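As structure tokens, the structure follows; a few thoughts come after it.
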Amino acid sequence: MEPQSASNEPRPNTSASRSAPPSTRPQHGRPSHARPSRPAGRPGTRTGRPVRHFGRPSHPPRRGKARVEHQAPTQRKQASTPIPSPAPDTVRIIPLGGVEEIGRNMTAVEFGDDIFILDCGFAFSEGETPGIDYILPNTGYLEERREKIRGLLISHGHLDHIGGIPYIIDRIGNPTIYTRKLTGMMIKKRQEEFTQTSPVNIREVEKDEVIKLGATTIRFFGVTHTVPDSMGIIIETPWGDVVFTGDIKLNHLDGEPSAEEKREFGVFKNRKVLALLMDSTNVWQPGFSIPESVVYTTLEKIIKDSKGRLVIAMFASHLERLIRVVHFAEEYGKKIVIDGRSMRTNIEIAREIGLIKYKDDTVVAVENMGQYPAERLIILATGAQGDEFASLARIGNKTHKYIRLQPTDTVVLSSSVIPGNERAVQKLKDNLSRQGAHIITYHASDVHASGHGNREEAAWIHSQIKPKFFIPVHGYHYMLRVHADLAVEMGVKPENICIPDNSSLVDIKNGEKISKHALKAPAELRVVEGHTVSELSDVLMRDRKALGQEGFCVVVATIDRRTGKLHKSPDIISRGFVYLRDNKELMDQTRLIIRKSVETSLRNPRAADLDAAREDLADAVSQFLLQRTMKRPIVIPVIVSI
Ligand SMILES: [Zn+2]
Ligand SMILES: [Zn+2]
């Protein structure tokens, strides 16, 4: 199970209403009068301007640099109980994200005068936060201790580990980033889309390098994942090592770890490991995961034997697999079409730093595809998760500019289905099948393996590292729990395990005792919308959900300021509520309610309180509509006095 956030493609927005400003949408039930240009109302209430965000572009612009704007506070609002620094005999570990979810991985390790940060990811927004692009770890704790930060150490180049950097790095004082070559390139490439107040400093390290940050020695070790240059990190403390695995699986043959794995983990032979922080994503799955080498063998056979055109869809982040496919293509005399920006970028980066070598004419442009016989073509496509605007979806619904499927084509979905995407993927498969293409999925063939190890792989890793204390990270709480149980089986004392929540302060005192601090680091959800970083507003989310589910209704009453009587019949404008033309009677009755409410409120026009009248009007209309339709549209009351 590769997290969605591991894709380099920003997730397209699915809300159709966002693609067009309200004025260009069909306006059923629109009254004959012009709409009020600006509904009146008090800020901070539902009578504000809740529809403003409809006009927002659904994506950060792709060309040109963008500046990140910060609305989230840099100082905490109230002086709540200040969090004390760890005692001189204490190592503090603070998972800031990624331990109540898959994604936005970031953990800080603090002792003495130093803080070391491990990864800086983001998560894609789910249904709970409509309109939000990304969710960030809350770095408030670090922002208040910038002067202690000695470095940002990045385990690998997936977005759930590097995605937060452009939004966070300035806030935490632009610390130097320590990472391996490919990861550094991926960070730099991404950074090109943003203007920062100061450029990021990347210091490339190699896995067998030993560096010193302040007074602390840091080591690394190579780990197997789905992207090259993945590494684990060892921070030496006076009480032993804090070891962080990053995302990890094992390269193995029938459960026997490869010689390379044994060599990499050999580094722990004579080390005293105080605490292990380890990926928990797939530990709940039994046995060993399919090694990536099996996937390569399967793909090689498919490529070798293919008699028609081949479409292979996978995550752009599965860079090792992409590299293999390009390699096999060359070996069997085939041409590659890369259809997807993130894939092209990743392959180019890999080529630039020498991870892959191929002849220039192996990759052909999609528009020149017709010059080659079908059996010599491999199309690498994004969108195996059913993402609406990705290459494969466009092939599926016949809107792709250059690619139409033929019955002789084979589509390989070289990925698993991320929970939540099942229906989208089903629809995609239906669309592809309807055009006659043959489809190969991971259910029937080993064309995909996860980048996260199963239970037995985790057990082997525990047996190599042998930590005194254990803190599971990367995963939902249940996954962390399962991993904690495994750690006990592997010999960690139950009282030496701490399952954290986001922003928990986990203190290990004198190398002897682990405990969760009574206080928590700031934990409010920080979100990115467009290029703005802000703290998530419950009111905003509630309104958006209500707009999506119930729609809205603007009711406009024009009154005569002298008499307090309605000047003309009230106007009702609605979107997403009921189809007004089919509900004439309801609208007529609503107009009566509006008239009654306004005229009652303004019985004495001289002493009338317009704000109160608006509020009463909204209440009266909401209540009536709820009774009649069982729906609760957002009602925006407008009273115009002339
Ligand atoms: Zn990863
Ligand atoms: Zn990850």
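Residues are referred to by chain and number: the chain letter is A, B, ... according to the order shown in the structure tokens, the number counts from 1 in that chain, and ligands are numbered separately from 1 in the order shown.
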What are the closest atom pairs, with distances in Å to one decimal, for each residue of chain A lying within 12 Å of ligand 2, using only C-alpha atoms and all ligand atoms, rows by chain and rising residue number, as a Markdown table?
| residue | atom | partner | partner_atom_place_in_ligand_line | distance |
| --- | --- | --- | --- | --- |
| A:Met1 | CA | ligand 2 | 1 (Zn) | 10.1 |
| A:Glu2 | CA | ligand 2 | 1 (Zn) | 7.6 |
| A:Pro3 | CA | ligand 2 | 1 (Zn) | 6.7 |
| A:Gln4 | CA | ligand 2 | 1 (Zn) | 9.5 |
| A:Ser5 | CA | ligand 2 | 1 (Zn) | 7.9 |
| A:Ala6 | CA | ligand 2 | 1 (Zn) | 6.6 |
| A:Ser7 | CA | ligand 2 | 1 (Zn) | 10.4 |
| A:Gly97 | CA | ligand 2 | 1 (Zn) | 11.5 |
| A:Gly98 | CA | ligand 2 | 1 (Zn) | 8.7 |
| A:Val99 | CA | ligand 2 | 1 (Zn) | 11.4 |
| A:Glu101 | CA | ligand 2 | 1 (Zn) | 10.7 |
| A:Ile102 | CA | ligand 2 | 1 (Zn) | 7.3 |
| A:Gly103 | CA | ligand 2 | 1 (Zn) | 6.2 |
| A:Arg104 | CA | ligand 2 | 1 (Zn) | 8.2 |
| A:Asn105 | CA | ligand 2 | 1 (Zn) | 7.1 |
| A:Met106 | CA | ligand 2 | 1 (Zn) | 10.3 |
| A:Asp119 | CA | ligand 2 | 1 (Zn) | 9.7 |
| A:Cys120 | CA | ligand 2 | 1 (Zn) | 10.6 |
| A:Gly121 | CA | ligand 2 | 1 (Zn) | 8.4 |
| A:Phe122 | CA | ligand 2 | 1 (Zn) | 9.9 |
| A:Ala123 | CA | ligand 2 | 1 (Zn) | 9.9 |
| A:Ile154 | CA | ligand 2 | 1 (Zn) | 11.4 |
| A:Ser155 | CA | ligand 2 | 1 (Zn) | 9.4 |
| A:His156 | CA | ligand 2 | 1 (Zn) | 8.5 |
| A:Gly157 | CA | ligand 2 | 1 (Zn) | 9.0 |
| A:His158 | CA | ligand 2 | 1 (Zn) | 6.3 |
| A:Leu159 | CA | ligand 2 | 1 (Zn) | 7.6 |
| A:Asp160 | CA | ligand 2 | 1 (Zn) | 5.2 |
| A:His161 | CA | ligand 2 | 1 (Zn) | 6.1 |
| A:Ile162 | CA | ligand 2 | 1 (Zn) | 9.5 |
| A:Gly163 | CA | ligand 2 | 1 (Zn) | 10.7 |
| A:His225 | CA | ligand 2 | 1 (Zn) | 9.4 |
| A:Thr226 | CA | ligand 2 | 1 (Zn) | 10.0 |
| A:Val227 | CA | ligand 2 | 1 (Zn) | 10.6 |
| A:Ser230 | CA | ligand 2 | 1 (Zn) | 10.7 |
| A:Thr245 | CA | ligand 2 | 1 (Zn) | 10.9 |
| A:Gly246 | CA | ligand 2 | 1 (Zn) | 7.4 |
| A:Asp247 | CA | ligand 2 | 1 (Zn) | 5.4 |
| A:Ile248 | CA | ligand 2 | 1 (Zn) | 8.8 |
| A:Lys249 | CA | ligand 2 | 1 (Zn) | 11.5 |
| A:Met278 | CA | ligand 2 | 1 (Zn) | 11.2 |
| A:Asp279 | CA | ligand 2 | 1 (Zn) | 8.1 |
| A:Ser280 | CA | ligand 2 | 1 (Zn) | 10.0 |
| A:Thr281 | CA | ligand 2 | 1 (Zn) | 8.5 |
| A:Asn282 | CA | ligand 2 | 1 (Zn) | 11.3 |
| A:Ser317 | CA | ligand 2 | 1 (Zn) | 10.6 |
| A:His318 | CA | ligand 2 | 1 (Zn) | 11.8 |
| A:Ser450 | CA | ligand 2 | 1 (Zn) | 11.1 |
| A:Gly451 | CA | ligand 2 | 1 (Zn) | 8.7 |
| A:His452 | CA | ligand 2 | 1 (Zn) | 8.5 |
| A:Gly453 | CA | ligand 2 | 1 (Zn) | 11.9 |
| A:Val473 | CA | ligand 2 | 1 (Zn) | 10.3 |
| A:His474 | CA | ligand 2 | 1 (Zn) | 7.1 |
| A:Gly475 | CA | ligand 2 | 1 (Zn) | 9.1 |
Go ahead and dump the residues you just picked, C-alpha atoms, as a PDB file, in the first residue's frame.
ATOM      1  CA  MET A   1       0.000   0.000   0.000  1.00  0.00           C
ATOM      2  CA  GLU A   2       1.756   3.082  -1.248  1.00  0.00           C
ATOM      3  CA  PRO A   3       0.240   6.207   0.181  1.00  0.00           C
ATOM      4  CA  GLN A   4      -1.422   8.450  -2.333  1.00  0.00           C
ATOM      5  CA  SER A   5       0.824  11.183  -1.161  1.00  0.00           C
ATOM      6  CA  ALA A   6       3.732   9.266  -2.564  1.00  0.00           C
ATOM      7  CA  SER A   7       2.718  10.311  -6.030  1.00  0.00           C
ATOM      8  CA  GLY A  97       2.744  14.139  11.979  1.00  0.00           C
ATOM      9  CA  GLY A  98       2.303  10.712  10.443  1.00  0.00           C
ATOM     10  CA  VAL A  99       1.311   8.773  13.553  1.00  0.00           C
ATOM     11  CA  GLU A 101      -2.520   8.816   9.525  1.00  0.00           C
ATOM     12  CA  ILE A 102      -0.567   7.819   6.439  1.00  0.00           C
ATOM     13  CA  GLY A 103       1.315  10.911   5.309  1.00  0.00           C
ATOM     14  CA  ARG A 104       2.813  14.198   6.622  1.00  0.00           C
ATOM     15  CA  ASN A 105       5.678  12.396   8.316  1.00  0.00           C
ATOM     16  CA  MET A 106       7.838  14.580  10.526  1.00  0.00           C
ATOM     17  CA  ASP A 119      11.571  14.324   7.395  1.00  0.00           C
ATOM     18  CA  CYS A 120       9.107  17.059   6.510  1.00  0.00           C
ATOM     19  CA  GLY A 121       6.152  15.656   4.591  1.00  0.00           C
ATOM     20  CA  PHE A 122       2.611  16.613   3.848  1.00  0.00           C
ATOM     21  CA  ALA A 123      -0.620  14.674   3.382  1.00  0.00           C
ATOM     22  CA  ILE A 154      15.439  13.602   5.015  1.00  0.00           C
ATOM     23  CA  SER A 155      15.110   9.829   4.615  1.00  0.00           C
ATOM     24  CA  HIS A 156      13.857   9.707   0.985  1.00  0.00           C
ATOM     25  CA  GLY A 157      12.150  11.682  -1.752  1.00  0.00           C
ATOM     26  CA  HIS A 158       8.461  10.810  -1.422  1.00  0.00           C
ATOM     27  CA  LEU A 159       6.071  13.675  -0.875  1.00  0.00           C
ATOM     28  CA  ASP A 160       4.869  12.364   2.471  1.00  0.00           C
ATOM     29  CA  HIS A 161       8.499  12.972   3.553  1.00  0.00           C
ATOM     30  CA  ILE A 162       9.566  16.066   1.559  1.00  0.00           C
ATOM     31  CA  GLY A 163       6.251  17.678   0.530  1.00  0.00           C
ATOM     32  CA  HIS A 225      11.969   1.137  -0.475  1.00  0.00           C
ATOM     33  CA  THR A 226      10.529   2.054  -3.890  1.00  0.00           C
ATOM     34  CA  VAL A 227      12.721   5.029  -4.578  1.00  0.00           C
ATOM     35  CA  SER A 230      16.316   5.759   0.687  1.00  0.00           C
ATOM     36  CA  THR A 245      14.227   3.740   9.556  1.00  0.00           C
ATOM     37  CA  GLY A 246      12.222   5.974   7.206  1.00  0.00           C
ATOM     38  CA  ASP A 247       9.934   3.943   4.917  1.00  0.00           C
ATOM     39  CA  ILE A 248      11.296   0.444   4.744  1.00  0.00           C
ATOM     40  CA  LYS A 249      10.874  -3.059   3.360  1.00  0.00           C
ATOM     41  CA  MET A 278      10.128   2.647  12.620  1.00  0.00           C
ATOM     42  CA  ASP A 279       7.659   2.615   9.704  1.00  0.00           C
ATOM     43  CA  SER A 280       4.496   0.701  10.685  1.00  0.00           C
ATOM     44  CA  THR A 281       2.422   0.965   7.490  1.00  0.00           C
ATOM     45  CA  ASN A 282       2.224  -2.734   6.577  1.00  0.00           C
ATOM     46  CA  SER A 317       7.202   7.880  -7.144  1.00  0.00           C
ATOM     47  CA  HIS A 318       7.990   4.212  -7.880  1.00  0.00           C
ATOM     48  CA  SER A 450       4.283  -2.347  -1.688  1.00  0.00           C
ATOM     49  CA  GLY A 451       7.228  -0.271  -0.546  1.00  0.00           C
ATOM     50  CA  HIS A 452       6.492  -1.119   3.088  1.00  0.00           C
ATOM     51  CA  GLY A 453       7.510  -4.372   4.706  1.00  0.00           C
ATOM     52  CA  VAL A 473       5.649   5.753  13.541  1.00  0.00           C
ATOM     53  CA  HIS A 474       4.144   6.045  10.007  1.00  0.00           C
ATOM     54  CA  GLY A 475       0.589   4.776  10.118  1.00  0.00           C
TER      55      GLY A 475
END
From a DSSP pass on the backbone, collect the residues of segment 386-483 of chain A flagged as helix (DSSP H, G or I) and hand them back as a count of residues only.
37
Backbone DSSP call of strand (DSSP E) for segment 161-213 of chain A, listed as a VMD selection string:
chain A and resid 177 to 179 194 to 195 202 to 204 210 to 213
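Compared by their closest atoms to Ala607 of chain A, and using only C-alpha atoms, the residues A:Gly151, A:Gly576, A:Arg562, A:Ile349 rank with A:Arg562 nearest.
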Within 8 Å of Pro86 of chain A, counting only C-alpha atoms, which residues qualify if same-chain residues fewer than 3 places away don't, as a PyMOL selection string?
chain A and resi 89-92+110-112+507
Using only C-alpha atoms and all ligand atoms for the distances, tell me which of A:Asp538, A:Asp229, A:Asp254, A:Glu292 is nearest to ligand 1.
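The shortest atom-to-atom distance to ligand 1 comes from A:Asp229.
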Distance query Gly436 of chain A at most 10 Å, only C-alpha atoms, self and fewer than 2 positions along chain excluded, as a list of chain:residue names:
A:Leu405, A:Gln406, A:Pro407, A:Thr408, A:Asp409, A:Thr410, A:Asp430, A:Asn431, A:Leu432, A:Ser433, A:Arg434, A:His438, A:Ile439
If you measure from atom CA of Glu615 of chain A to atom CA of Arg628 of chain A, what distance in Å do you get, rounded to one decimal?
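Between atom CA of Glu615 of chain A and atom CA of Arg628 of chain A the gap is 20.0 Å.
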One decimal, Å: what's the distance from atom CA of Ile169 of chain A over to atom CA of Ile117 of chain A, could you say?
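Interatomic distance here is 11.2 Å.
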What does the structure give for the distance between atom CA of Ile135 of chain A and atom CA of Pro419 of chain A, in Å to one decimal?
18.4 Å
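When only C-alpha atoms are used to measure the gap to Thr237 of chain A, the shortest distance among A:Gly511, A:Val68, A:Val200, A:Tyr332 belongs to A:Gly511.
Comparing A:Val223, A:Ala521, A:Lys466, A:Met490 by their smallest distance to ligand 1, the closest is A:Val223 (using only C-alpha atoms and all ligand atoms).
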Contacts of Ala66 of chain A within 12 Å, only C-alpha atoms, excl. fewer than 5 positions in-chain, as a PyMOL selection string:
chain A and resi 59-61+166-167+190-197+530-532
Show which residues sit within 9 Å of Arg606 of chain A, as a PDB file with N, CA, C and O atoms, in the first residue's frame. Count only C-alpha atoms, and ignore same-chain residues fewer than 4 positions away.
ATOM      1  N   ARG A 561     -38.064  52.092   3.366  1.00  0.00           N
ATOM      2  CA  ARG A 561     -37.507  52.470   4.670  1.00  0.00           C
ATOM      3  C   ARG A 561     -38.493  53.253   5.534  1.00  0.00           C
ATOM      4  O   ARG A 561     -38.377  53.284   6.740  1.00  0.00           O
ATOM      5  N   ARG A 562     -39.494  53.909   4.880  1.00  0.00           N
ATOM      6  CA  ARG A 562     -40.440  54.677   5.703  1.00  0.00           C
ATOM      7  C   ARG A 562     -41.540  53.804   6.287  1.00  0.00           C
ATOM      8  O   ARG A 562     -41.900  53.923   7.444  1.00  0.00           O
ATOM      9  N   GLY A 564     -41.597  50.291   6.252  1.00  0.00           N
ATOM     10  CA  GLY A 564     -41.191  48.973   6.741  1.00  0.00           C
ATOM     11  C   GLY A 564     -41.874  47.839   5.981  1.00  0.00           C
ATOM     12  O   GLY A 564     -41.780  46.677   6.360  1.00  0.00           O
ATOM     13  N   LEU A 602     -39.642  44.664  11.170  1.00  0.00           N
ATOM     14  CA  LEU A 602     -39.522  46.102  10.879  1.00  0.00           C
ATOM     15  C   LEU A 602     -40.841  46.832  11.118  1.00  0.00           C
ATOM     16  O   LEU A 602     -41.146  47.820  10.457  1.00  0.00           O
TER      17      LEU A 602
END
